[in-house]
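run34.cif (mmCIF, C-alpha atoms) appears below.
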data_input
#
loop_
_atom_site.group_PDB
_atom_site.id
_atom_site.type_symbol
_atom_site.label_atom_id
_atom_site.label_comp_id
_atom_site.auth_asym_id
_atom_site.auth_seq_id
_atom_site.Cartn_x
_atom_site.Cartn_y
_atom_site.Cartn_z
ATOM 1 C CA MET A 1 116.331 137.631 112.380
ATOM 2 C CA SER A 2 119.894 136.648 111.922
ATOM 3 C CA PHE A 3 123.183 138.035 113.158
ATOM 4 C CA ALA A 4 126.327 138.386 111.080
ATOM 5 C CA PRO A 5 129.717 137.469 112.586
ATOM 6 C CA GLY A 6 131.092 140.370 114.620
ATOM 7 C CA THR A 7 127.650 141.751 115.531
ATOM 8 C CA ARG A 8 127.457 142.839 119.156
ATOM 9 C CA VAL A 9 124.648 141.037 120.954
ATOM 10 C CA THR A 10 123.250 141.158 124.459
ATOM 11 C CA VAL A 11 121.965 138.019 126.131
ATOM 12 C CA ARG A 12 118.430 138.402 127.483
ATOM 13 C CA ASN A 13 118.473 139.054 131.211
ATOM 14 C CA ASP A 14 115.648 136.602 131.789
ATOM 15 C CA TRP A 15 115.282 134.066 134.592
ATOM 16 C CA PRO A 16 112.555 131.566 133.676
ATOM 17 C CA GLU A 17 113.804 129.323 136.505
ATOM 18 C CA ALA A 18 112.597 131.908 139.007
ATOM 19 C CA LYS A 19 109.008 131.772 137.775
ATOM 20 C CA GLY A 20 108.213 128.553 139.577
ATOM 21 C CA VAL A 21 107.698 126.360 136.520
ATOM 22 C CA LYS A 22 109.926 123.425 135.618
ATOM 23 C CA VAL A 23 112.213 124.517 132.811
ATOM 24 C CA HIS A 24 115.428 123.396 131.179
ATOM 25 C CA ILE A 25 117.512 126.419 130.223
ATOM 26 C CA ARG A 26 120.869 126.088 128.497
ATOM 27 C CA THR A 27 121.879 129.725 128.748
ATOM 28 C CA PRO A 28 124.421 129.932 131.591
ATOM 29 C CA HIS A 29 123.592 132.377 134.393
ATOM 30 C CA PHE A 30 126.867 134.245 134.031
ATOM 31 C CA VAL A 31 126.169 135.406 130.464
ATOM 32 C CA ARG A 32 122.625 136.683 131.013
ATOM 33 C CA GLY A 33 122.405 140.426 130.558
ATOM 34 C CA LYS A 34 125.971 140.469 129.197
ATOM 35 C CA THR A 35 127.145 141.700 125.829
ATOM 36 C CA GLY A 36 129.397 139.765 123.497
ATOM 37 C CA ARG A 37 129.837 139.371 119.761
ATOM 38 C CA ILE A 38 128.773 136.764 117.263
ATOM 39 C CA GLU A 39 131.657 134.461 116.350
ATOM 40 C CA THR A 40 129.723 132.243 113.981
ATOM 41 C CA LEU A 41 126.321 130.872 113.100
ATOM 42 C CA ILE A 42 126.571 127.191 114.025
ATOM 43 C CA GLY A 43 123.328 126.006 112.462
ATOM 44 C CA GLU A 44 119.725 125.323 113.350
ATOM 45 C CA PHE A 45 118.756 122.960 116.143
ATOM 46 C CA GLY A 46 115.607 122.017 118.024
ATOM 47 C CA ASP A 47 115.010 124.253 121.019
ATOM 48 C CA PRO A 48 116.238 122.298 124.081
ATOM 49 C CA GLU A 49 113.699 124.090 126.262
ATOM 50 C CA PHE A 50 111.052 122.037 124.408
ATOM 51 C CA LEU A 51 113.063 118.878 123.756
ATOM 52 C CA ALA A 52 114.007 118.472 127.418
ATOM 53 C CA ILE A 53 110.360 118.019 128.360
ATOM 54 C CA GLY A 54 109.603 115.640 125.512
ATOM 55 C CA ARG A 55 107.756 118.124 123.307
ATOM 56 C CA LYS A 56 107.678 116.992 119.701
ATOM 57 C CA ASP A 57 106.867 120.514 118.470
ATOM 58 C CA ALA A 58 110.253 121.984 119.387
ATOM 59 C CA PRO A 59 110.917 124.878 117.006
ATOM 60 C CA LYS A 60 114.230 124.945 115.150
ATOM 61 C CA ARG A 61 116.301 127.879 116.263
ATOM 62 C CA ALA A 62 119.513 129.393 114.978
ATOM 63 C CA LEU A 63 122.404 128.580 117.302
ATOM 64 C CA TYR A 64 125.326 130.999 117.524
ATOM 65 C CA MET A 65 128.737 130.779 119.092
ATOM 66 C CA VAL A 66 129.000 134.050 121.019
ATOM 67 C CA VAL A 67 132.347 135.374 122.306
ATOM 68 C CA PHE A 68 132.635 137.423 125.478
ATOM 69 C CA ASP A 69 135.581 139.191 126.995
ATOM 70 C CA ARG A 70 135.963 137.451 130.321
ATOM 71 C CA ALA A 71 136.555 140.783 132.036
ATOM 72 C CA ASP A 72 132.984 141.750 131.076
ATOM 73 C CA LEU A 73 131.553 138.570 132.554
ATOM 74 C CA PHE A 74 133.439 138.719 135.822
ATOM 75 C CA PRO A 75 134.318 142.343 136.596
ATOM 76 C CA GLY A 76 137.148 142.705 139.045
ATOM 77 C CA THR A 77 138.842 139.466 138.092
ATOM 78 C CA ASN A 78 142.179 139.484 136.375
ATOM 79 C CA ALA A 79 141.063 138.492 132.891
ATOM 80 C CA HIS A 80 143.600 140.096 130.622
ATOM 81 C CA ASN A 81 143.586 138.521 127.159
ATOM 82 C CA GLU A 82 140.952 135.976 128.128
ATOM 83 C CA THR A 83 137.788 135.265 126.198
ATOM 84 C CA MET A 84 134.938 132.876 126.689
ATOM 85 C CA THR A 85 132.420 131.436 124.289
ATOM 86 C CA ALA A 86 128.960 130.041 124.837
ATOM 87 C CA ASP A 87 126.643 128.519 122.252
ATOM 88 C CA LEU A 88 123.354 130.383 122.499
ATOM 89 C CA TYR A 89 120.016 130.132 120.708
ATOM 90 C CA GLU A 90 118.706 133.144 118.811
ATOM 91 C CA ASN A 91 115.730 133.677 121.118
ATOM 92 C CA TRP A 92 118.174 134.549 123.925
ATOM 93 C CA LEU A 93 120.004 137.201 121.890
ATOM 94 C CA GLU A 94 119.211 140.830 121.087
ATOM 95 C CA ALA A 95 121.228 143.267 118.985
ATOM 96 C CA ALA A 96 123.265 145.365 121.413
ATOM 97 C CA PRO A 97 122.680 149.138 121.291
ATOM 98 C CA MET B 1 123.523 133.941 153.394
ATOM 99 C CA SER B 2 124.855 133.385 156.878
ATOM 100 C CA GLY B 3 128.314 131.942 157.114
ATOM 101 C CA ASP B 4 127.290 129.971 160.185
ATOM 102 C CA HIS B 5 126.026 126.576 159.186
ATOM 103 C CA HIS B 6 125.771 125.179 162.689
ATOM 104 C CA ASP B 7 122.396 126.616 163.600
ATOM 105 C CA HIS B 8 120.332 124.635 161.120
ATOM 106 C CA LEU B 9 120.783 122.504 158.054
ATOM 107 C CA HIS B 10 119.177 123.296 154.731
ATOM 108 C CA THR B 11 118.355 120.033 153.080
ATOM 109 C CA HIS B 12 116.897 121.804 150.051
ATOM 110 C CA ASP B 13 119.077 124.836 149.575
ATOM 111 C CA ASP B 14 118.330 126.210 146.111
ATOM 112 C CA HIS B 15 121.613 128.095 146.194
ATOM 113 C CA ALA B 16 123.745 125.078 146.961
ATOM 114 C CA PRO B 17 126.412 124.374 144.341
ATOM 115 C CA VAL B 18 125.231 121.881 141.775
ATOM 116 C CA GLY B 19 127.125 119.008 140.285
ATOM 117 C CA ALA B 20 128.587 116.911 143.025
ATOM 118 C CA THR B 21 130.782 114.258 141.443
ATOM 119 C CA GLU B 22 129.021 111.349 143.151
ATOM 120 C CA PRO B 23 125.617 110.532 141.670
ATOM 121 C CA ARG B 24 122.930 111.300 144.198
ATOM 122 C CA PRO B 25 120.987 108.239 145.396
ATOM 123 C CA GLU B 26 117.685 109.623 144.083
ATOM 124 C CA TYR B 27 119.166 109.848 140.572
ATOM 125 C CA ALA B 28 120.479 106.290 140.808
ATOM 126 C CA ARG B 29 116.948 105.164 141.739
ATOM 127 C CA LEU B 30 115.456 107.234 138.910
ATOM 128 C CA GLU B 31 117.907 105.733 136.394
ATOM 129 C CA ARG B 32 117.032 102.221 137.523
ATOM 130 C CA ALA B 33 113.289 102.902 137.373
ATOM 131 C CA VAL B 34 113.489 104.388 133.866
ATOM 132 C CA ARG B 35 115.777 101.598 132.651
ATOM 133 C CA GLU B 36 113.461 98.887 133.992
ATOM 134 C CA LEU B 37 110.429 100.595 132.456
ATOM 135 C CA LEU B 38 112.128 100.887 129.041
ATOM 136 C CA ILE B 39 112.928 97.179 129.161
ATOM 137 C CA ALA B 40 109.446 96.211 130.425
ATOM 138 C CA LYS B 41 107.788 98.222 127.667
ATOM 139 C CA GLY B 42 110.037 96.709 125.015
ATOM 140 C CA VAL B 43 111.703 100.010 123.992
ATOM 141 C CA LEU B 44 115.161 98.626 124.775
ATOM 142 C CA THR B 45 116.560 95.314 125.884
ATOM 143 C CA ALA B 46 119.063 94.732 128.655
ATOM 144 C CA GLU B 47 121.375 93.507 125.893
ATOM 145 C CA ASP B 48 121.053 96.850 124.033
ATOM 146 C CA ILE B 49 122.064 98.705 127.171
ATOM 147 C CA ARG B 50 124.956 96.360 127.898
ATOM 148 C CA LYS B 51 126.223 96.683 124.327
ATOM 149 C CA GLN B 52 126.017 100.470 124.451
ATOM 150 C CA ILE B 53 128.043 100.535 127.666
ATOM 151 C CA GLU B 54 130.590 98.189 126.112
ATOM 152 C CA LEU B 55 130.815 100.388 123.008
ATOM 153 C CA MET B 56 131.246 103.505 125.124
ATOM 154 C CA ASP B 57 133.983 101.874 127.187
ATOM 155 C CA SER B 58 135.802 100.791 124.011
ATOM 156 C CA ARG B 59 136.299 104.397 122.947
ATOM 157 C CA THR B 60 139.502 105.944 124.241
ATOM 158 C CA PRO B 61 141.484 109.143 123.734
ATOM 159 C CA ALA B 62 143.832 107.116 121.502
ATOM 160 C CA MET B 63 141.315 107.647 118.685
ATOM 161 C CA GLY B 64 141.496 111.395 119.152
ATOM 162 C CA ALA B 65 145.299 111.207 119.239
ATOM 163 C CA LYS B 66 145.352 109.452 115.845
ATOM 164 C CA ILE B 67 143.138 112.175 114.401
ATOM 165 C CA VAL B 68 145.373 114.938 115.787
ATOM 166 C CA ALA B 69 148.558 113.250 114.535
ATOM 167 C CA ARG B 70 147.057 112.903 111.047
ATOM 168 C CA ALA B 71 146.118 116.585 111.105
ATOM 169 C CA TRP B 72 149.704 117.486 112.033
ATOM 170 C CA VAL B 73 151.176 115.675 109.035
ATOM 171 C CA ASP B 74 148.454 116.095 106.414
ATOM 172 C CA PRO B 75 147.300 119.678 105.718
ATOM 173 C CA ALA B 76 144.442 118.508 103.489
ATOM 174 C CA PHE B 77 143.135 116.230 106.264
ATOM 175 C CA LYS B 78 143.523 119.077 108.749
ATOM 176 C CA ALA B 79 141.419 121.324 106.516
ATOM 177 C CA ARG B 80 138.722 118.650 106.390
ATOM 178 C CA LEU B 81 138.916 118.204 110.184
ATOM 179 C CA MET B 82 138.474 121.927 110.798
ATOM 180 C CA ALA B 83 135.571 122.064 108.330
ATOM 181 C CA ASN B 84 133.737 118.951 109.540
ATOM 182 C CA ALA B 85 135.267 117.010 112.407
ATOM 183 C CA LYS B 86 132.715 114.202 112.331
ATOM 184 C CA ALA B 87 133.399 113.449 108.676
ATOM 185 C CA ALA B 88 137.158 113.563 109.299
ATOM 186 C CA ALA B 89 136.786 111.197 112.269
ATOM 187 C CA ASP B 90 134.734 108.833 110.114
ATOM 188 C CA GLU B 91 137.594 108.836 107.584
ATOM 189 C CA MET B 92 139.841 107.581 110.381
ATOM 190 C CA GLY B 93 137.413 104.770 111.177
ATOM 191 C CA VAL B 94 135.832 106.428 114.219
ATOM 192 C CA ASP B 95 132.077 105.884 114.185
ATOM 193 C CA THR B 96 130.470 109.196 115.129
ATOM 194 C CA SER B 97 127.023 108.416 113.735
ATOM 195 C CA ASN B 98 125.325 108.711 117.133
ATOM 196 C CA SER B 99 127.269 111.776 118.174
ATOM 197 C CA ALA B 100 126.249 115.389 118.298
ATOM 198 C CA THR B 101 128.130 117.682 115.927
ATOM 199 C CA VAL B 102 131.849 117.752 116.675
ATOM 200 C CA VAL B 103 133.873 120.900 116.111
ATOM 201 C CA ALA B 104 137.681 120.972 116.126
ATOM 202 C CA LEU B 105 139.392 123.982 117.718
ATOM 203 C CA GLU B 106 142.993 124.612 116.712
ATOM 204 C CA ASN B 107 145.392 125.828 119.362
ATOM 205 C CA THR B 108 147.993 128.274 118.082
ATOM 206 C CA PRO B 109 150.656 130.524 119.639
ATOM 207 C CA GLU B 110 148.037 133.302 119.522
ATOM 208 C CA ARG B 111 145.066 131.444 121.025
ATOM 209 C CA HIS B 112 144.698 128.509 123.409
ATOM 210 C CA HIS B 113 141.276 126.868 123.727
ATOM 211 C CA VAL B 114 140.147 125.024 126.830
ATOM 212 C CA VAL B 115 136.792 123.247 126.844
ATOM 213 C CA VAL B 116 134.320 123.052 129.705
ATOM 214 C CA CYS B 117 130.651 122.242 130.043
ATOM 215 C CA THR B 118 129.417 124.521 132.791
ATOM 216 C CA LEU B 119 125.875 123.144 132.648
ATOM 217 C CA CYS B 120 126.627 119.418 132.762
ATOM 218 C CA SER B 121 129.382 117.311 131.203
ATOM 219 C CA CYS B 122 129.095 117.542 127.392
ATOM 220 C CA TYR B 123 132.182 115.953 125.884
ATOM 221 C CA PRO B 124 133.150 114.526 122.459
ATOM 222 C CA LYS B 125 132.592 110.962 123.725
ATOM 223 C CA ALA B 126 132.505 109.428 120.260
ATOM 224 C CA ILE B 127 136.144 110.449 119.798
ATOM 225 C CA LEU B 128 137.612 110.637 123.316
ATOM 226 C CA GLY B 129 135.491 108.116 125.227
ATOM 227 C CA VAL B 130 134.121 108.755 128.690
ATOM 228 C CA PRO B 131 135.219 112.065 130.235
ATOM 229 C CA PRO B 132 137.518 112.091 133.258
ATOM 230 C CA ALA B 133 135.826 112.564 136.642
ATOM 231 C CA TRP B 134 137.377 116.006 137.125
ATOM 232 C CA TYR B 135 135.764 117.240 133.892
ATOM 233 C CA LYS B 136 132.361 116.641 135.512
ATOM 234 C CA SER B 137 133.316 118.131 138.882
ATOM 235 C CA SER B 138 131.678 121.350 139.987
ATOM 236 C CA ALA B 139 135.134 122.742 140.803
ATOM 237 C CA TYR B 140 136.430 122.376 137.230
ATOM 238 C CA ARG B 141 133.181 123.627 135.723
ATOM 239 C CA ALA B 142 132.970 126.701 137.928
ATOM 240 C CA ARG B 143 136.632 127.615 138.179
ATOM 241 C CA THR B 144 137.570 127.243 134.524
ATOM 242 C CA VAL B 145 135.309 130.141 133.626
ATOM 243 C CA LYS B 146 136.344 132.286 136.604
ATOM 244 C CA GLU B 147 140.115 131.751 136.720
ATOM 245 C CA PRO B 148 141.228 129.768 133.682
ATOM 246 C CA ARG B 149 144.932 130.646 133.889
ATOM 247 C CA LYS B 150 145.058 129.470 137.487
ATOM 248 C CA VAL B 151 143.230 126.241 136.635
ATOM 249 C CA LEU B 152 145.612 125.623 133.734
ATOM 250 C CA ALA B 153 148.584 126.294 136.021
ATOM 251 C CA GLU B 154 147.251 123.659 138.428
ATOM 252 C CA PHE B 155 147.262 121.231 135.507
ATOM 253 C CA GLY B 156 150.907 122.185 134.997
ATOM 254 C CA THR B 157 150.109 124.262 131.938
ATOM 255 C CA SER B 158 151.531 127.778 131.833
ATOM 256 C CA LEU B 159 151.003 129.880 128.750
ATOM 257 C CA PRO B 160 152.657 133.134 127.726
ATOM 258 C CA GLU B 161 150.764 136.322 128.678
ATOM 259 C CA GLY B 162 150.469 137.090 124.992
ATOM 260 C CA THR B 163 148.472 133.930 124.291
ATOM 261 C CA GLU B 164 144.743 134.527 124.422
ATOM 262 C CA ILE B 165 142.992 131.972 126.596
ATOM 263 C CA ARG B 166 139.617 131.122 125.166
ATOM 264 C CA VAL B 167 137.306 129.121 127.431
ATOM 265 C CA VAL B 168 134.796 127.266 125.262
ATOM 266 C CA ASP B 169 131.589 126.366 127.076
ATOM 267 C CA SER B 170 129.742 123.416 125.468
ATOM 268 C CA THR B 171 126.300 124.749 126.233
ATOM 269 C CA ALA B 172 124.351 123.306 123.319
ATOM 270 C CA ASP B 173 124.615 120.899 120.381
ATOM 271 C CA MET B 174 128.364 121.113 119.690
ATOM 272 C CA ARG B 175 131.055 118.846 121.117
ATOM 273 C CA TYR B 176 134.505 120.405 121.008
ATOM 274 C CA LEU B 177 137.792 118.666 120.280
ATOM 275 C CA VAL B 178 140.943 120.706 120.822
ATOM 276 C CA VAL B 179 143.776 120.190 118.334
ATOM 277 C CA PRO B 180 146.935 120.951 120.330
ATOM 278 C CA MET B 181 150.007 122.495 118.764
ATOM 279 C CA ARG B 182 152.557 120.102 117.325
ATOM 280 C CA PRO B 183 155.616 120.119 119.594
ATOM 281 C CA ALA B 184 158.931 121.356 118.255
ATOM 282 C CA GLY B 185 161.552 118.729 117.528
ATOM 283 C CA THR B 186 159.156 116.281 115.887
ATOM 284 C CA GLU B 187 159.975 117.038 112.267
ATOM 285 C CA GLY B 188 159.779 113.953 110.094
ATOM 286 C CA TRP B 189 158.110 111.830 112.803
ATOM 287 C CA SER B 190 155.611 109.138 111.809
ATOM 288 C CA GLU B 191 151.940 109.502 112.722
ATOM 289 C CA ASP B 192 152.183 106.689 115.267
ATOM 290 C CA ARG B 193 155.100 108.343 117.026
ATOM 291 C CA LEU B 194 153.332 111.691 116.999
ATOM 292 C CA ALA B 195 150.078 110.206 118.297
ATOM 293 C CA ALA B 196 151.920 108.991 121.398
ATOM 294 C CA LEU B 197 152.531 112.662 122.295
ATOM 295 C CA VAL B 198 148.818 113.536 122.216
ATOM 296 C CA GLY B 199 147.306 112.980 125.631
ATOM 297 C CA ARG B 200 143.627 113.212 126.491
ATOM 298 C CA ASP B 201 144.038 116.469 128.407
ATOM 299 C CA SER B 202 145.683 118.166 125.420
ATOM 300 C CA MET B 203 142.473 117.519 123.474
ATOM 301 C CA ILE B 204 140.391 119.122 126.260
ATOM 302 C CA GLY B 205 142.859 122.007 126.416
ATOM 303 C CA THR B 206 144.005 121.617 130.017
ATOM 304 C CA ALA B 207 147.417 120.497 128.770
ATOM 305 C CA LEU B 208 149.717 120.792 125.781
ATOM 306 C CA ALA B 209 150.904 117.891 123.687
ATOM 307 C CA ASP B 210 153.919 116.201 125.246
ATOM 308 C CA THR B 211 157.350 117.310 124.150
ATOM 309 C CA PRO B 212 159.670 114.636 122.764
ATOM 310 C CA LYS B 213 162.080 113.128 125.258
ATOM 311 C CA ASN B 214 165.597 112.647 124.054
#

As a first step, turn the structure in this file into structure tokens.
Amino acid sequence: MSFAPGTRVTVRNDWPEAKGVKVHIRTPHFVRGKTGRIETLIGEFGDPEFLAIGRKDAPKRALYMVVFDRADLFPGTNAHNETMTADLYENWLEAAP
Amino acid sequence: MSGDHHDHLHTHDDHAPVGATEPRPEYARLERAVRELLIAKGVLTAEDIRKQIELMDSRTPAMGAKIVARAWVDPAFKARLMANAKAAADEMGVDTSNSATVVALENTPERHHVVVCTLCSCYPKAILGVPPAWYKSSAYRARTVKEPRKVLAEFGTSLPEGTEIRVVDSTADMRYLVVPMRPAGTEGWSEDRLAALVGRDSMIGTALADTPKN
């Protein structure tokens, strides 16, 4: 699976922290379940969810810079002409409908 | 959650804001325990740690300013900086071998970048040195994503409505270096003179480069 620049993607609305196991998640809360678009494929990096707990078998995952309109992230705030990017691993992204 | 905090204290409130600026005592103890274990087990020496701290403290935003000034005067260097900031920094004698990937973001009249690390305090330390305390504060990290124009205004930075503000969250393996716009009235200036206009905050994106004083 790979996403071309401009593809609309939705961040998985998943909360592993809430499942009672120790995890290290680098997907900010405020982008989960939100839709943005691929700015660029940054490269492939070891999955921090494995690396953070010392696992040597961390899979390499594609890392994308994803752009969001800030108004979509924080409805009701005055976010005219404001965007926000987050660098997100492929396993957190799904093609938006 | 109740607004009344007088009835009882939550010592372990999972919803409490994270990221107080002062290190918590338990983390200081953890750091000391891990450090002493690494030394006892021969993984590192106290000298290694001291040298690393000394190296970190020797890095200052002046290195970033030299890189920005070179990019302002040398379009070929700027192209290399935008394509691969670590390699361009190495060209300028900045050792980035232990650094994560560095990406340069060019500010233009159309788009102004401001960098934040909402999850912790990721920062291009190899080029700018140790981040300022406010960069690590929960207030900066939370507010920059929620009200960036207001935060910029508090830094004394007002941008035209027509300029897109792009908040860049360093959530993963990239460290971002903002290349501010070259101020007007600096035509023909030397790199050294230009570098003096490039403050640390302009390379985080909370400020612009200084304007020349006549």

Query - Result set of the PyMOL selection byres ((chain B and resi 192) around 12) on the coordinates above, as a ChimeraX atom specification - result: /B:62-63,65-70,72-73,186,188-191,193-198

May I have the residues from that selection written out with C-alpha atoms, as a short mmCIF file (atom, residue, chain, number, x, y, z; two decimals), keeping the file's coordinate frame?
data_model
loop_
_atom_site.label_atom_id
_atom_site.label_comp_id
_atom_site.auth_asym_id
_atom_site.auth_seq_id
_atom_site.Cartn_x
_atom_site.Cartn_y
_atom_site.Cartn_z
CA ALA B 62 143.83 107.12 121.50
CA MET B 63 141.32 107.65 118.68
CA ALA B 65 145.30 111.21 119.24
CA LYS B 66 145.35 109.45 115.84
CA ILE B 67 143.14 112.18 114.40
CA VAL B 68 145.37 114.94 115.79
CA ALA B 69 148.56 113.25 114.54
CA ARG B 70 147.06 112.90 111.05
CA TRP B 72 149.70 117.49 112.03
CA VAL B 73 151.18 115.68 109.04
CA THR B 186 159.16 116.28 115.89
CA GLY B 188 159.78 113.95 110.09
CA TRP B 189 158.11 111.83 112.80
CA SER B 190 155.61 109.14 111.81
CA GLU B 191 151.94 109.50 112.72
CA ARG B 193 155.10 108.34 117.03
CA LEU B 194 153.33 111.69 117.00
CA ALA B 195 150.08 110.21 118.30
CA ALA B 196 151.92 108.99 121.40
CA LEU B 197 152.53 112.66 122.30
CA VAL B 198 148.82 113.54 122.22
#

Report task. Using the chain letters and residue numbers of this document, give as a list in words the residues selected by the PyMOL selection byres ((chain B) within 8 of (chain A)). Result ->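 When the PyMOL selection byres ((chain B) within 8 of (chain A)) is applied to the shown file, the picked residues are Thr118, Leu119, Val145, Lys146, Glu147, Glu161, Gly162, Thr163, Glu164, Ile165, Arg166, Val167, Val168, Asp169, Ser170, Thr171, Ala172 and Asp173 of chain B.
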
Deliver the residues from the most recent selection as a file, using C-alpha atoms, as an mmCIF file, keeping the file's coordinate frame.
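Wrote out-v5.cif, looks like this:
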data_model
loop_
_atom_site.group_PDB
_atom_site.id
_atom_site.type_symbol
_atom_site.label_atom_id
_atom_site.label_comp_id
_atom_site.auth_asym_id
_atom_site.auth_seq_id
_atom_site.Cartn_x
_atom_site.Cartn_y
_atom_site.Cartn_z
ATOM 1 C CA THR B 118 129.417 124.521 132.791
ATOM 2 C CA LEU B 119 125.875 123.144 132.648
ATOM 3 C CA VAL B 145 135.309 130.141 133.626
ATOM 4 C CA LYS B 146 136.344 132.286 136.604
ATOM 5 C CA GLU B 147 140.115 131.751 136.720
ATOM 6 C CA GLU B 161 150.764 136.322 128.678
ATOM 7 C CA GLY B 162 150.469 137.090 124.992
ATOM 8 C CA THR B 163 148.472 133.930 124.291
ATOM 9 C CA GLU B 164 144.743 134.527 124.422
ATOM 10 C CA ILE B 165 142.992 131.972 126.596
ATOM 11 C CA ARG B 166 139.617 131.122 125.166
ATOM 12 C CA VAL B 167 137.306 129.121 127.431
ATOM 13 C CA VAL B 168 134.796 127.266 125.262
ATOM 14 C CA ASP B 169 131.589 126.366 127.076
ATOM 15 C CA SER B 170 129.742 123.416 125.468
ATOM 16 C CA THR B 171 126.300 124.749 126.233
ATOM 17 C CA ALA B 172 124.351 123.306 123.319
ATOM 18 C CA ASP B 173 124.615 120.899 120.381
#

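Once the PyMOL selection byres ((chain B and resi 87-104) around 7) is applied to the shown structure, the selection contains Ile67, Arg80, Leu81, Met82, Asn84, Ala85, Lys86, Leu105, Glu106, Pro124, Ala126, Ile127, Asp173, Met174, Arg175, Tyr176, Leu177, Val178 and Val179 of chain B.
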
Every residue with an atom at most 10 Å from (111.2, 121.3, 117.8) (file coordinates; only C-alpha atoms) is what I'm after, so could you write them as an mmCIF file with C-alpha atoms, keeping the file's coordinate frame?
data_model
loop_
_atom_site.group_PDB
_atom_site.id
_atom_site.type_symbol
_atom_site.label_atom_id
_atom_site.label_comp_id
_atom_site.auth_asym_id
_atom_site.auth_seq_id
_atom_site.Cartn_x
_atom_site.Cartn_y
_atom_site.Cartn_z
ATOM 1 C CA PHE A 45 118.756 122.960 116.143
ATOM 2 C CA GLY A 46 115.607 122.017 118.024
ATOM 3 C CA ASP A 47 115.010 124.253 121.019
ATOM 4 C CA PRO A 48 116.238 122.298 124.081
ATOM 5 C CA GLU A 49 113.699 124.090 126.262
ATOM 6 C CA PHE A 50 111.052 122.037 124.408
ATOM 7 C CA LEU A 51 113.063 118.878 123.756
ATOM 8 C CA GLY A 54 109.603 115.640 125.512
ATOM 9 C CA ARG A 55 107.756 118.124 123.307
ATOM 10 C CA LYS A 56 107.678 116.992 119.701
ATOM 11 C CA ASP A 57 106.867 120.514 118.470
ATOM 12 C CA ALA A 58 110.253 121.984 119.387
ATOM 13 C CA PRO A 59 110.917 124.878 117.006
ATOM 14 C CA LYS A 60 114.230 124.945 115.150
ATOM 15 C CA ARG A 61 116.301 127.879 116.263
#

Query raised in the report: Do you know which residues are at most 9 Å from B:Gly129 counting all atoms listed in the file, after dropping those on the same chain fewer than 5 positions away, and could you put them as a list of chain:residue names?
Result: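 Final neighbour list, sorted by chain and number: B:Met56, B:Asp57, B:Ser58, B:Arg59, B:Thr60, B:Pro61, B:Met63, B:Tyr123, B:Pro124.
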
Query - atom CA of B:Tyr135 to atom CA of A:Glu17, straight-line distance in Å - result: 25.2 Å

**Report entry** Which of A:Val31, A:Ile53, A:Ala18, A:Ala62 sits closest to A:Ala4 [using all atoms listed in the file]
**Finding:**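 So, comparing all the options, the nearest one is A:Ala62.
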
Query raised in the report: Can you tell me how far atom CA of B:Glu154 sits from atom CA of B:Gly185, in Å to one decimal?
Result: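 Atom CA of B:Glu154 sits 25.8 Å away from atom CA of B:Gly185.
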
Report task. Fewer than 5 positions away in the same chain doesn't count, so skip those; otherwise give me all residues within 9 Å of A:Val11, counting all atoms listed in the file, as a VMD selection string. Result -> chain A and resid 27 31 to 36 88 92 to 96

Report task. Mind giving me the straight-line distance from atom CA of B:Leu159 to atom CA of B:His112 in Å, one decimal? Result -> 8.4 Å

Report task. Determine the nearest neighbour of B:Val115 from the options B:Met203, B:Ala83, B:Ala133, B:Ala209, counting all atoms listed in the file. Result ->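 Result for the nearest residue to B:Val115: B:Met203.
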
Box along x, y and z, 4 Å on every side, all listed atoms of stretch 44-51 of chain B inside: centre and edge lengths in Å to one decimal, as lines of an AutoDock Vina configuration file.
center_x = 120.7
center_y = 96.1
center_z = 126.3
size_x = 19.1
size_y = 13.2
size_z = 12.6

Since fewer atoms than expected are present, regenerate N, CA, C and O atoms for stretch 38-43 of chain A and write them as a compact mmCIF listing (two decimals), in the frame of the given file.
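Written file, part_26.txt:
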# COMPACT_ATOMS: atom_id res chain seq x y z
N ILE A 38 129.00 138.01 117.99
CA ILE A 38 128.77 136.76 117.26
C ILE A 38 130.09 136.28 116.66
O ILE A 38 130.75 137.03 115.92
N GLU A 39 130.48 135.06 116.99
CA GLU A 39 131.66 134.46 116.35
C GLU A 39 131.23 133.78 115.06
O GLU A 39 131.81 134.00 114.01
N THR A 40 130.18 132.96 115.16
CA THR A 40 129.72 132.24 113.98
C THR A 40 128.30 131.73 114.18
O THR A 40 127.87 131.55 115.32
N LEU A 41 127.61 131.56 113.08
CA LEU A 41 126.32 130.87 113.10
C LEU A 41 126.63 129.39 113.00
O LEU A 41 127.25 128.94 112.03
N ILE A 42 126.23 128.62 114.01
CA ILE A 42 126.57 127.19 114.02
C ILE A 42 125.61 126.39 113.16
O ILE A 42 126.01 125.47 112.45
N GLY A 43 124.34 126.75 113.23
CA GLY A 43 123.33 126.01 112.46
C GLY A 43 121.98 126.14 113.14
O GLY A 43 121.81 127.01 114.00
